[in-house]
$ cat work.txt   # compact mmCIF, C-alpha atoms and all ligand atoms
# COMPACT_ATOMS: atom_id res chain seq x y z
CA MET A 1 -12.66 25.12 -8.40
CA SER A 2 -15.31 24.36 -5.80
CA GLU A 3 -16.65 20.84 -5.48
CA THR A 4 -19.98 22.17 -4.22
CA VAL A 5 -21.29 22.43 -7.78
CA LEU A 6 -20.18 19.82 -10.30
CA VAL A 7 -19.99 21.22 -13.82
CA ALA A 8 -19.99 18.85 -16.77
CA ARG A 9 -20.15 19.65 -20.44
CA ARG A 10 -22.17 17.23 -22.61
CA GLY A 11 -22.43 18.46 -26.18
CA GLY A 12 -24.35 21.74 -26.11
CA VAL A 13 -25.56 21.16 -22.55
CA LEU A 14 -23.91 22.43 -19.38
CA GLU A 15 -24.91 20.06 -16.60
CA LEU A 16 -24.76 21.49 -13.09
CA THR A 17 -25.08 19.27 -10.02
CA LEU A 18 -25.54 20.79 -6.57
CA ASN A 19 -23.10 18.77 -4.52
CA ARG A 20 -23.40 18.92 -0.73
CA PRO A 21 -25.32 15.65 -0.45
CA ASP A 22 -24.79 15.19 3.31
CA LYS A 23 -26.69 18.50 3.78
CA LEU A 24 -29.28 17.68 1.12
CA ASN A 25 -27.45 20.25 -1.03
CA ALA A 26 -28.38 23.17 1.23
CA PHE A 27 -26.77 26.41 0.10
CA ASN A 28 -23.77 27.93 1.79
CA GLU A 29 -21.92 30.88 0.28
CA GLU A 30 -19.35 28.67 -1.42
CA MET A 31 -22.09 26.79 -3.28
CA HIS A 32 -23.82 30.04 -4.23
CA ALA A 33 -20.58 31.44 -5.63
CA ALA A 34 -19.87 28.23 -7.56
CA LEU A 35 -23.35 28.18 -9.07
CA ALA A 36 -23.12 31.86 -10.01
CA ARG A 37 -19.81 31.18 -11.79
CA ALA A 38 -21.24 28.18 -13.64
CA LEU A 39 -24.28 30.13 -14.81
CA ALA A 40 -22.05 33.01 -15.92
CA GLN A 41 -20.07 30.47 -17.94
CA ALA A 42 -23.31 29.15 -19.46
CA ALA A 43 -24.35 32.69 -20.40
CA ALA A 44 -21.01 33.68 -21.90
CA ASP A 45 -20.28 30.53 -23.92
CA GLU A 46 -22.20 30.59 -27.19
CA SER A 47 -21.70 26.86 -27.65
CA VAL A 48 -23.68 26.16 -24.46
CA ARG A 49 -27.27 26.01 -25.69
CA ALA A 50 -29.07 24.56 -22.67
CA VAL A 51 -28.45 24.08 -18.96
CA LEU A 52 -29.46 21.11 -16.83
CA LEU A 53 -29.62 21.61 -13.06
CA THR A 54 -29.90 18.71 -10.60
CA GLY A 55 -28.72 17.60 -7.17
CA ALA A 56 -26.33 14.91 -5.93
CA GLY A 57 -27.54 12.24 -3.53
CA ARG A 58 -31.05 11.79 -2.20
CA GLY A 59 -32.12 15.46 -2.16
CA PHE A 60 -32.34 18.21 -4.75
CA CYS A 61 -31.79 21.14 -2.38
CA ALA A 62 -32.90 21.92 1.20
CA GLY A 63 -32.63 25.69 0.69
CA GLN A 64 -30.42 27.81 2.87
CA ASP A 65 -27.94 25.93 5.07
CA LEU A 66 -29.47 26.84 8.39
CA ALA A 67 -26.23 26.14 10.26
CA ASP A 68 -24.57 28.79 8.09
CA ARG A 69 -27.22 31.39 9.01
CA ALA A 70 -27.51 30.49 12.68
CA VAL A 71 -29.31 33.07 14.76
CA ALA A 72 -26.54 35.10 16.35
CA ASP A 73 -28.20 36.50 19.49
CA ASP A 74 -31.16 38.66 20.44
CA ASP A 75 -29.21 41.90 20.13
CA ASN A 76 -27.52 40.95 16.91
CA PRO A 77 -29.98 39.17 14.58
CA PRO A 78 -28.72 38.10 11.15
CA ASP A 79 -29.70 40.22 8.16
CA LEU A 80 -31.47 37.64 6.01
CA GLY A 81 -32.45 40.36 3.53
CA ALA A 82 -28.77 40.91 2.82
CA THR A 83 -28.37 37.20 2.07
CA LEU A 84 -31.24 37.36 -0.40
CA GLU A 85 -29.87 40.50 -2.02
CA ARG A 86 -26.37 39.07 -2.31
CA TRP A 87 -27.14 35.49 -3.39
CA TYR A 88 -30.70 34.27 -3.92
CA ASN A 89 -32.22 37.18 -5.82
CA PRO A 90 -29.40 37.36 -8.40
CA LEU A 91 -29.68 33.57 -8.84
CA ILE A 92 -33.41 33.70 -9.59
CA ARG A 93 -32.92 36.64 -11.96
CA ARG A 94 -30.07 34.79 -13.67
CA LEU A 95 -32.21 31.67 -14.21
CA ARG A 96 -35.16 33.65 -15.53
CA THR A 97 -33.15 35.88 -17.86
CA LEU A 98 -30.53 33.39 -19.08
CA ASP A 99 -30.88 33.48 -22.84
CA LYS A 100 -30.97 29.68 -23.10
CA PRO A 101 -33.34 27.12 -21.63
CA VAL A 102 -32.77 25.69 -18.16
CA VAL A 103 -34.07 22.20 -17.38
CA CYS A 104 -34.34 21.21 -13.73
CA ALA A 105 -34.23 17.54 -12.73
CA VAL A 106 -35.57 17.42 -9.17
CA ASN A 107 -34.06 14.18 -7.88
CA GLY A 108 -35.39 14.36 -4.30
CA VAL A 109 -36.74 16.79 -1.75
CA ALA A 110 -36.71 20.46 -2.76
CA ALA A 111 -37.32 22.57 0.35
CA GLY A 112 -37.36 26.28 1.11
CA ALA A 113 -35.36 28.28 -1.39
CA GLY A 114 -34.45 24.93 -2.98
CA ALA A 115 -38.07 24.46 -4.05
CA ASN A 116 -38.33 27.93 -5.55
CA ILE A 117 -34.99 27.69 -7.35
CA ALA A 118 -36.33 24.54 -9.04
CA LEU A 119 -39.60 26.27 -9.94
CA ALA A 120 -37.71 29.22 -11.43
CA CYS A 121 -36.19 26.95 -14.08
CA ASP A 122 -37.84 26.74 -17.50
CA ILE A 123 -38.88 23.09 -17.56
CA VAL A 124 -39.04 21.09 -14.34
CA LEU A 125 -38.95 17.29 -14.27
CA ALA A 126 -39.20 15.53 -10.93
CA ALA A 127 -38.46 11.99 -9.82
CA ARG A 128 -41.58 10.21 -8.57
CA SER A 129 -40.05 10.11 -5.07
CA ALA A 130 -39.25 13.86 -5.06
CA SER A 131 -41.23 16.45 -3.14
CA PHE A 132 -41.57 20.20 -2.77
CA ILE A 133 -41.84 21.94 0.61
CA GLN A 134 -42.34 25.64 1.21
CA ALA A 135 -40.54 25.12 4.52
CA PHE A 136 -40.22 28.83 5.34
CA ALA A 137 -43.25 29.25 7.62
CA ARG A 138 -42.06 26.28 9.70
CA ILE A 139 -39.17 28.48 10.89
CA GLY A 140 -40.99 31.81 10.91
CA LEU A 141 -39.91 33.00 7.47
CA VAL A 142 -41.57 34.14 4.25
CA PRO A 143 -41.26 32.15 0.99
CA ASP A 144 -38.40 33.78 -0.87
CA SER A 145 -36.42 33.22 -4.05
CA GLY A 146 -39.52 34.23 -5.98
CA GLY A 147 -41.87 31.88 -4.12
CA THR A 148 -44.58 34.42 -3.38
CA TRP A 149 -44.54 35.46 -7.04
CA LEU A 150 -44.22 32.05 -8.67
CA LEU A 151 -46.56 29.97 -6.52
CA PRO A 152 -49.83 31.84 -7.11
CA ARG A 153 -49.05 31.96 -10.82
CA LEU A 154 -48.27 28.25 -11.02
CA VAL A 155 -50.89 26.73 -8.74
CA GLY A 156 -53.41 29.52 -8.10
CA GLU A 157 -54.08 31.69 -5.07
CA ALA A 158 -55.84 29.13 -2.84
CA ARG A 159 -53.13 26.50 -3.09
CA ALA A 160 -50.32 29.07 -2.92
CA ARG A 161 -51.71 30.46 0.35
CA ALA A 162 -52.11 27.06 1.97
CA LEU A 163 -48.69 25.87 0.81
CA ALA A 164 -46.98 29.02 2.08
CA LEU A 165 -48.81 29.08 5.41
CA LEU A 166 -48.76 25.37 6.18
CA GLY A 167 -45.39 24.39 4.70
CA GLU A 168 -46.80 20.99 3.82
CA LYS A 169 -45.02 18.57 1.55
CA VAL A 170 -46.28 18.37 -2.04
CA THR A 171 -45.45 15.11 -3.76
CA ALA A 172 -44.05 15.17 -7.30
CA GLU A 173 -47.29 13.65 -8.60
CA GLN A 174 -49.37 16.32 -6.87
CA ALA A 175 -47.03 19.00 -8.22
CA GLU A 176 -47.55 17.69 -11.74
CA ALA A 177 -51.32 17.45 -11.30
CA TRP A 178 -51.41 21.08 -10.08
CA GLY A 179 -49.29 22.37 -12.95
CA MET A 180 -46.47 23.32 -10.60
CA ILE A 181 -43.99 21.32 -12.70
CA TRP A 182 -43.88 19.88 -16.20
CA LYS A 183 -43.61 16.14 -15.56
CA VAL A 184 -43.04 13.32 -13.10
CA VAL A 185 -40.62 10.63 -14.19
CA ASP A 186 -39.82 7.28 -12.58
CA ASP A 187 -36.77 7.70 -10.36
CA GLU A 188 -34.47 5.49 -12.36
CA ARG A 189 -35.35 7.29 -15.61
CA LEU A 190 -35.06 10.88 -14.33
CA MET A 191 -31.58 11.73 -15.57
CA GLU A 192 -32.02 9.90 -18.85
CA GLU A 193 -35.20 11.86 -19.58
CA ALA A 194 -33.80 15.17 -18.33
CA ARG A 195 -30.69 14.75 -20.49
CA ALA A 196 -32.76 13.85 -23.54
CA LEU A 197 -34.87 16.96 -22.98
CA ALA A 198 -31.81 19.19 -22.47
CA ASP A 199 -30.18 17.71 -25.60
CA ARG A 200 -33.32 18.40 -27.60
CA LEU A 201 -33.40 22.01 -26.40
CA ALA A 202 -29.67 22.40 -27.08
CA ALA A 203 -30.31 21.39 -30.70
CA GLY A 204 -33.10 23.96 -31.00
CA PRO A 205 -33.35 27.57 -32.16
CA THR A 206 -31.54 29.08 -29.15
CA ARG A 207 -32.13 32.69 -30.19
CA GLY A 208 -35.85 32.02 -30.54
CA PHE A 209 -35.92 30.27 -27.16
CA ALA A 210 -34.32 33.34 -25.55
CA LEU A 211 -37.01 35.55 -27.07
CA ILE A 212 -39.75 33.17 -25.85
CA LYS A 213 -38.35 33.42 -22.31
CA ARG A 214 -38.36 37.22 -22.54
CA ALA A 215 -41.94 37.33 -23.79
CA LEU A 216 -43.28 34.98 -21.12
CA LEU A 217 -41.48 36.80 -18.32
CA ALA A 218 -42.80 40.17 -19.48
CA SER A 219 -46.37 38.89 -19.78
CA TRP A 220 -46.88 38.92 -16.01
CA SER A 221 -46.40 42.65 -15.72
CA GLN A 222 -48.04 43.87 -18.94
CA ASP A 223 -51.53 44.22 -20.36
CA LEU A 224 -52.49 42.57 -23.65
CA ASP A 225 -51.77 45.68 -25.71
CA ALA A 226 -48.25 46.00 -24.40
CA GLN A 227 -47.69 42.27 -24.82
CA LEU A 228 -48.85 42.38 -28.45
CA ASP A 229 -46.34 45.17 -29.07
CA LEU A 230 -43.62 43.14 -27.43
CA GLU A 231 -44.49 40.04 -29.50
CA ARG A 232 -44.26 42.19 -32.63
CA ASP A 233 -40.78 43.38 -31.67
CA LEU A 234 -39.50 39.97 -30.63
CA GLN A 235 -40.96 38.28 -33.71
CA ARG A 236 -39.22 40.87 -35.86
CA GLU A 237 -35.97 39.86 -34.21
CA ALA A 238 -36.71 36.12 -34.48
CA GLY A 239 -37.55 36.56 -38.15
CA ARG A 240 -34.04 37.84 -38.81
CA SER A 241 -32.38 34.77 -37.29
CA GLN A 242 -30.50 32.17 -39.26
CA ASP A 243 -32.55 29.49 -37.48
CA TYR A 244 -35.85 30.92 -38.73
CA ARG A 245 -34.56 30.74 -42.30
CA GLU A 246 -33.39 27.18 -41.70
CA GLY A 247 -36.69 26.22 -40.04
CA VAL A 248 -38.75 27.38 -43.00
CA ARG A 249 -36.34 25.88 -45.53
CA ALA A 250 -36.40 22.52 -43.72
CA PHE A 251 -40.20 22.60 -43.60
CA MET A 252 -40.43 23.27 -47.34
CA GLU A 253 -37.89 20.56 -48.09
CA LYS A 254 -39.68 18.11 -45.77
CA ARG A 255 -36.56 17.38 -43.66
CA PRO A 256 -35.62 17.96 -40.02
CA PRO A 257 -34.11 21.42 -39.38
CA ARG A 258 -30.45 21.88 -38.48
CA PHE A 259 -30.50 24.78 -36.06
CA VAL A 260 -27.27 26.52 -35.15
CA GLY A 261 -28.58 28.70 -32.33
CA ARG A 262 -28.23 32.04 -34.12
C1 LIG B 301 -29.72 20.69 6.56
C2 LIG B 301 -30.73 21.43 5.94
C3 LIG B 301 -30.61 22.83 5.92
C4 LIG B 301 -28.60 22.61 7.05
C5 LIG B 301 -31.25 19.37 5.81
N1 LIG B 301 -29.53 23.37 6.49
N2 LIG B 301 -28.67 21.27 7.13
C6 LIG B 301 -32.83 32.53 2.61
C7 LIG B 301 -32.06 33.60 3.13
C8 LIG B 301 -31.41 33.51 4.35
C9 LIG B 301 -31.65 32.71 5.35
C10 LIG B 301 -32.77 31.90 5.52
O1 LIG B 301 -33.32 31.22 4.47
C11 LIG B 301 -33.45 31.51 3.21
C12 LIG B 301 -34.26 30.65 2.42
C13 LIG B 301 -34.52 29.26 2.91
O2 LIG B 301 -34.23 28.34 2.21
S1 LIG B 301 -35.29 29.07 4.41
C14 LIG B 301 -35.65 27.37 4.46
C15 LIG B 301 -34.45 26.54 4.80
N3 LIG B 301 -34.75 25.12 4.67
C16 LIG B 301 -35.50 24.43 5.53
O3 LIG B 301 -36.06 24.94 6.48
C17 LIG B 301 -35.54 22.95 5.31
C18 LIG B 301 -34.83 22.26 6.44
N4 LIG B 301 -34.78 20.83 6.20
C19 LIG B 301 -35.82 20.01 6.41
O4 LIG B 301 -36.89 20.41 6.81
C20 LIG B 301 -35.59 18.54 6.17
O5 LIG B 301 -34.22 18.30 6.19
C21 LIG B 301 -36.17 18.06 4.83
C22 LIG B 301 -37.71 18.07 4.92
C23 LIG B 301 -35.71 18.92 3.66
C24 LIG B 301 -35.71 16.61 4.57
O6 LIG B 301 -35.99 15.83 5.69
P1 LIG B 301 -35.31 14.38 5.85
O7 LIG B 301 -35.42 13.65 4.57
O8 LIG B 301 -35.89 13.79 7.09
O9 LIG B 301 -33.75 14.67 6.05
P2 LIG B 301 -33.01 15.24 7.36
O10 LIG B 301 -33.80 16.31 7.98
O11 LIG B 301 -32.58 14.09 8.21
O12 LIG B 301 -31.71 15.94 6.68
C25 LIG B 301 -30.54 15.19 6.32
C26 LIG B 301 -29.33 15.99 6.76
O13 LIG B 301 -29.32 17.23 6.06
C27 LIG B 301 -29.39 16.34 8.23
O14 LIG B 301 -28.07 16.37 8.71
P3 LIG B 301 -27.52 15.20 9.71
O15 LIG B 301 -26.12 15.61 10.01
O16 LIG B 301 -28.42 15.17 10.90
O17 LIG B 301 -27.60 13.94 8.89
C28 LIG B 301 -29.94 17.73 8.23
O18 LIG B 301 -29.58 18.49 9.34
C29 LIG B 301 -29.30 18.31 6.99
N5 LIG B 301 -30.08 19.41 6.45
N6 LIG B 301 -31.67 20.57 5.50
N7 LIG B 301 -31.52 23.59 5.30
$ encode --input "work.txt" --output "structure tokens" --more "lines below"
Ligand code: LHQ
Amino acid sequence: MSETVLVARRGGVLELTLNRPDKLNAFNEEMHAALARALAQAAADESVRAVLLTGAGRGFCAGQDLADRAVADDDNPPDLGATLERWYNPLIRRLRTLDKPVVCAVNGVAAGAGANIALACDIVLAARSASFIQAFARIGLVPDSGGTWLLPRLVGEARARALALLGEKVTAEQAEAWGMIWKVVDDERLMEEARALADRLAAGPTRGFALIKRALLASWSQDLDAQLDLERDLQREAGRSQDYREGVRAFMEKRPPRFVGR
């Protein structure tokens, strides 16, 4: 087992900690492979009902380990597209399509692909001291890991353009004010709040959550008519779940629901 991603099981939550703190948790291939394995475990294990992603040390993730992708020489440039195809793109797809909620606790700086991996999670909490940097343009690159897709949708075209072109730091408070993330939390309360949120989601109607994720993802590429059709189909499926029956029963009986995730 690789130490580059710490995997801890807490009730229905799988807690994943990026763990290369001396490199601000920048990604090398070993860390990518470890994270892919952990997310596959989260997907396959029915008793895992939410995932919590965070980073060890003072950073969340500084994106690609630039030492790992050092420019070879003028005649033999690295194929960065291959790195995206092999590692980053599957990771973003996995986060977006995982049929359980993913909470991200951004404990410090999130730069480059690290920023966009955080933003690809379902609910993003950030420590007050954390920041987000689209560092790509600083080294001549293009925002990847979904950045050019996510940013304009989250913060609007004007801010997305400036962030991508300037690579300026966005503080956690600014990110919250712009709607880039869900919430800022005082540093010392970050993990407590993130765990409480993940626990709450893990006790929720997991099947329904998966359908919500599908509907929201599809909404970006569909018109209203197609989306209404999709909502009809997904609601049909949700209506057949055990958790829907329990939710209605609990409401009628004026008690909290006991969801089982099916
Ligand atoms: C690092 C890194 C790092 C290695 C900090 N690599 N060591 C995808 C496909 C293929 C290839 C290309 O890229 C991509 C996507 C990307 O992610 S591209 C963007 C890559 N990331 C960056 O450009 C960010 C680079 N890092 C920074 O700008 C700064 O480190 C930030 C602003 C994140 C934090 O600054 P500070 O708080 O001042 O920390 P620091 O710079 O002193 O970093 C601490 C250590 O971490 C340091 O090592 P050292 O041995 O000197 O203590 C850094 O070298 C190392 N580190 N980021 N990406």
$ residues_around --input "work.txt" --residues "region 86-103 of chain A" --least-positions-apart "5" --cutoff "6 Å" --atoms "all atoms listed in the file" --output "VMD selection string"
chain A and resid 49 to 52 121 to 124 145 210
$ residues_near_ligand --input "work.txt" --ligand "ligand LIG 301 (chain B)" --cutoff "7 Å" --atoms "only C-alpha atoms and all ligand atoms" --output "list of chain:residue names"
A:Asp22, A:Lys23, A:Leu24, A:Ala26, A:Ala62, A:Gly63, A:Gln64, A:Asp65, A:Leu66, A:Ala67, A:Arg69, A:Leu80, A:Gly81, A:Thr83, A:Leu84, A:Val109, A:Ala110, A:Ala111, A:Gly112, A:Ala113, A:Gly114, A:Ala135, A:Phe136, A:Arg138, A:Ile139, A:Leu141, A:Asp144
$ closest_residue --input "work.txt" --among "A:Asp79, A:Glu157, A:Glu85, A:Asp243" --to "Gly204 (chain A)" --atoms "all atoms listed in the file"
A:Asp243
$ closest_residue --input "work.txt" --among "A:Ala164, A:Leu125, A:Met1, A:Leu14" --to "Glu46 (chain A)" --atoms "all atoms listed in the file"
A:Leu14
$ closest_residue --input "work.txt" --among "A:Ala34, A:Ala118, A:Ala218, A:Val48" --to "Ala202 (chain A)" --atoms "all atoms listed in the file"
A:Val48
$ closest_residue --input "work.txt" --among "A:Ile181, A:Met252, A:Leu151, A:Leu165" --to "Ala137 (chain A)" --atoms "all atoms listed in the file"
A:Leu165
$ atom_distance --input "work.txt" --atom1 "CA of Ala177 (chain A)" --atom2 "CA of Thr148 (chain A)"
19.9 Å
$ build_atoms --input "work.txt" --residues "region 195-208 of chain A" --atoms "N, CA, C and O atoms" --output "PDB file, in the coordinates of the input"
ATOM      1  N   ARG A 195     -31.780  14.527 -19.519  1.00  0.00           N
ATOM      2  CA  ARG A 195     -30.690  14.750 -20.490  1.00  0.00           C
ATOM      3  C   ARG A 195     -31.236  14.760 -21.910  1.00  0.00           C
ATOM      4  O   ARG A 195     -30.825  15.572 -22.746  1.00  0.00           O
ATOM      5  N   ALA A 196     -32.177  13.875 -22.194  1.00  0.00           N
ATOM      6  CA  ALA A 196     -32.760  13.850 -23.540  1.00  0.00           C
ATOM      7  C   ALA A 196     -33.471  15.182 -23.817  1.00  0.00           C
ATOM      8  O   ALA A 196     -33.368  15.746 -24.917  1.00  0.00           O
ATOM      9  N   LEU A 197     -34.166  15.686 -22.819  1.00  0.00           N
ATOM     10  CA  LEU A 197     -34.870  16.960 -22.980  1.00  0.00           C
ATOM     11  C   LEU A 197     -33.871  18.106 -23.180  1.00  0.00           C
ATOM     12  O   LEU A 197     -34.043  18.960 -24.066  1.00  0.00           O
ATOM     13  N   ALA A 198     -32.820  18.123 -22.353  1.00  0.00           N
ATOM     14  CA  ALA A 198     -31.810  19.190 -22.470  1.00  0.00           C
ATOM     15  C   ALA A 198     -31.110  19.100 -23.832  1.00  0.00           C
ATOM     16  O   ALA A 198     -30.863  20.126 -24.483  1.00  0.00           O
ATOM     17  N   ASP A 199     -30.820  17.879 -24.291  1.00  0.00           N
ATOM     18  CA  ASP A 199     -30.180  17.710 -25.600  1.00  0.00           C
ATOM     19  C   ASP A 199     -31.087  18.252 -26.712  1.00  0.00           C
ATOM     20  O   ASP A 199     -30.634  18.903 -27.649  1.00  0.00           O
ATOM     21  N   ARG A 200     -32.371  17.940 -26.581  1.00  0.00           N
ATOM     22  CA  ARG A 200     -33.320  18.400 -27.600  1.00  0.00           C
ATOM     23  C   ARG A 200     -33.363  19.938 -27.632  1.00  0.00           C
ATOM     24  O   ARG A 200     -33.326  20.551 -28.694  1.00  0.00           O
ATOM     25  N   LEU A 201     -33.376  20.538 -26.448  1.00  0.00           N
ATOM     26  CA  LEU A 201     -33.400  22.010 -26.400  1.00  0.00           C
ATOM     27  C   LEU A 201     -32.085  22.585 -26.938  1.00  0.00           C
ATOM     28  O   LEU A 201     -32.083  23.613 -27.620  1.00  0.00           O
ATOM     29  N   ALA A 202     -30.970  21.899 -26.635  1.00  0.00           N
ATOM     30  CA  ALA A 202     -29.670  22.400 -27.080  1.00  0.00           C
ATOM     31  C   ALA A 202     -29.536  22.335 -28.602  1.00  0.00           C
ATOM     32  O   ALA A 202     -28.714  23.034 -29.186  1.00  0.00           O
ATOM     33  N   ALA A 203     -30.343  21.494 -29.236  1.00  0.00           N
ATOM     34  CA  ALA A 203     -30.310  21.390 -30.700  1.00  0.00           C
ATOM     35  C   ALA A 203     -31.363  22.306 -31.332  1.00  0.00           C
ATOM     36  O   ALA A 203     -31.585  22.270 -32.541  1.00  0.00           O
ATOM     37  N   GLY A 204     -32.000  23.119 -30.520  1.00  0.00           N
ATOM     38  CA  GLY A 204     -33.100  23.960 -31.000  1.00  0.00           C
ATOM     39  C   GLY A 204     -32.662  25.350 -31.389  1.00  0.00           C
ATOM     40  O   GLY A 204     -31.478  25.691 -31.352  1.00  0.00           O
ATOM     41  N   PRO A 205     -33.634  26.190 -31.761  1.00  0.00           N
ATOM     42  CA  PRO A 205     -33.350  27.570 -32.160  1.00  0.00           C
ATOM     43  C   PRO A 205     -33.109  28.453 -30.918  1.00  0.00           C
ATOM     44  O   PRO A 205     -34.029  29.101 -30.424  1.00  0.00           O
ATOM     45  N   THR A 206     -31.880  28.454 -30.435  1.00  0.00           N
ATOM     46  CA  THR A 206     -31.540  29.080 -29.150  1.00  0.00           C
ATOM     47  C   THR A 206     -31.973  30.543 -29.073  1.00  0.00           C
ATOM     48  O   THR A 206     -32.485  31.004 -28.054  1.00  0.00           O
ATOM     49  N   ARG A 207     -31.760  31.258 -30.167  1.00  0.00           N
ATOM     50  CA  ARG A 207     -32.130  32.690 -30.190  1.00  0.00           C
ATOM     51  C   ARG A 207     -33.647  32.833 -29.983  1.00  0.00           C
ATOM     52  O   ARG A 207     -34.125  33.638 -29.210  1.00  0.00           O
ATOM     53  N   GLY A 208     -34.396  31.998 -30.695  1.00  0.00           N
ATOM     54  CA  GLY A 208     -35.850  32.020 -30.540  1.00  0.00           C
ATOM     55  C   GLY A 208     -36.274  31.648 -29.129  1.00  0.00           C
ATOM     56  O   GLY A 208     -37.172  32.270 -28.553  1.00  0.00           O
TER      57      GLY A 208
END
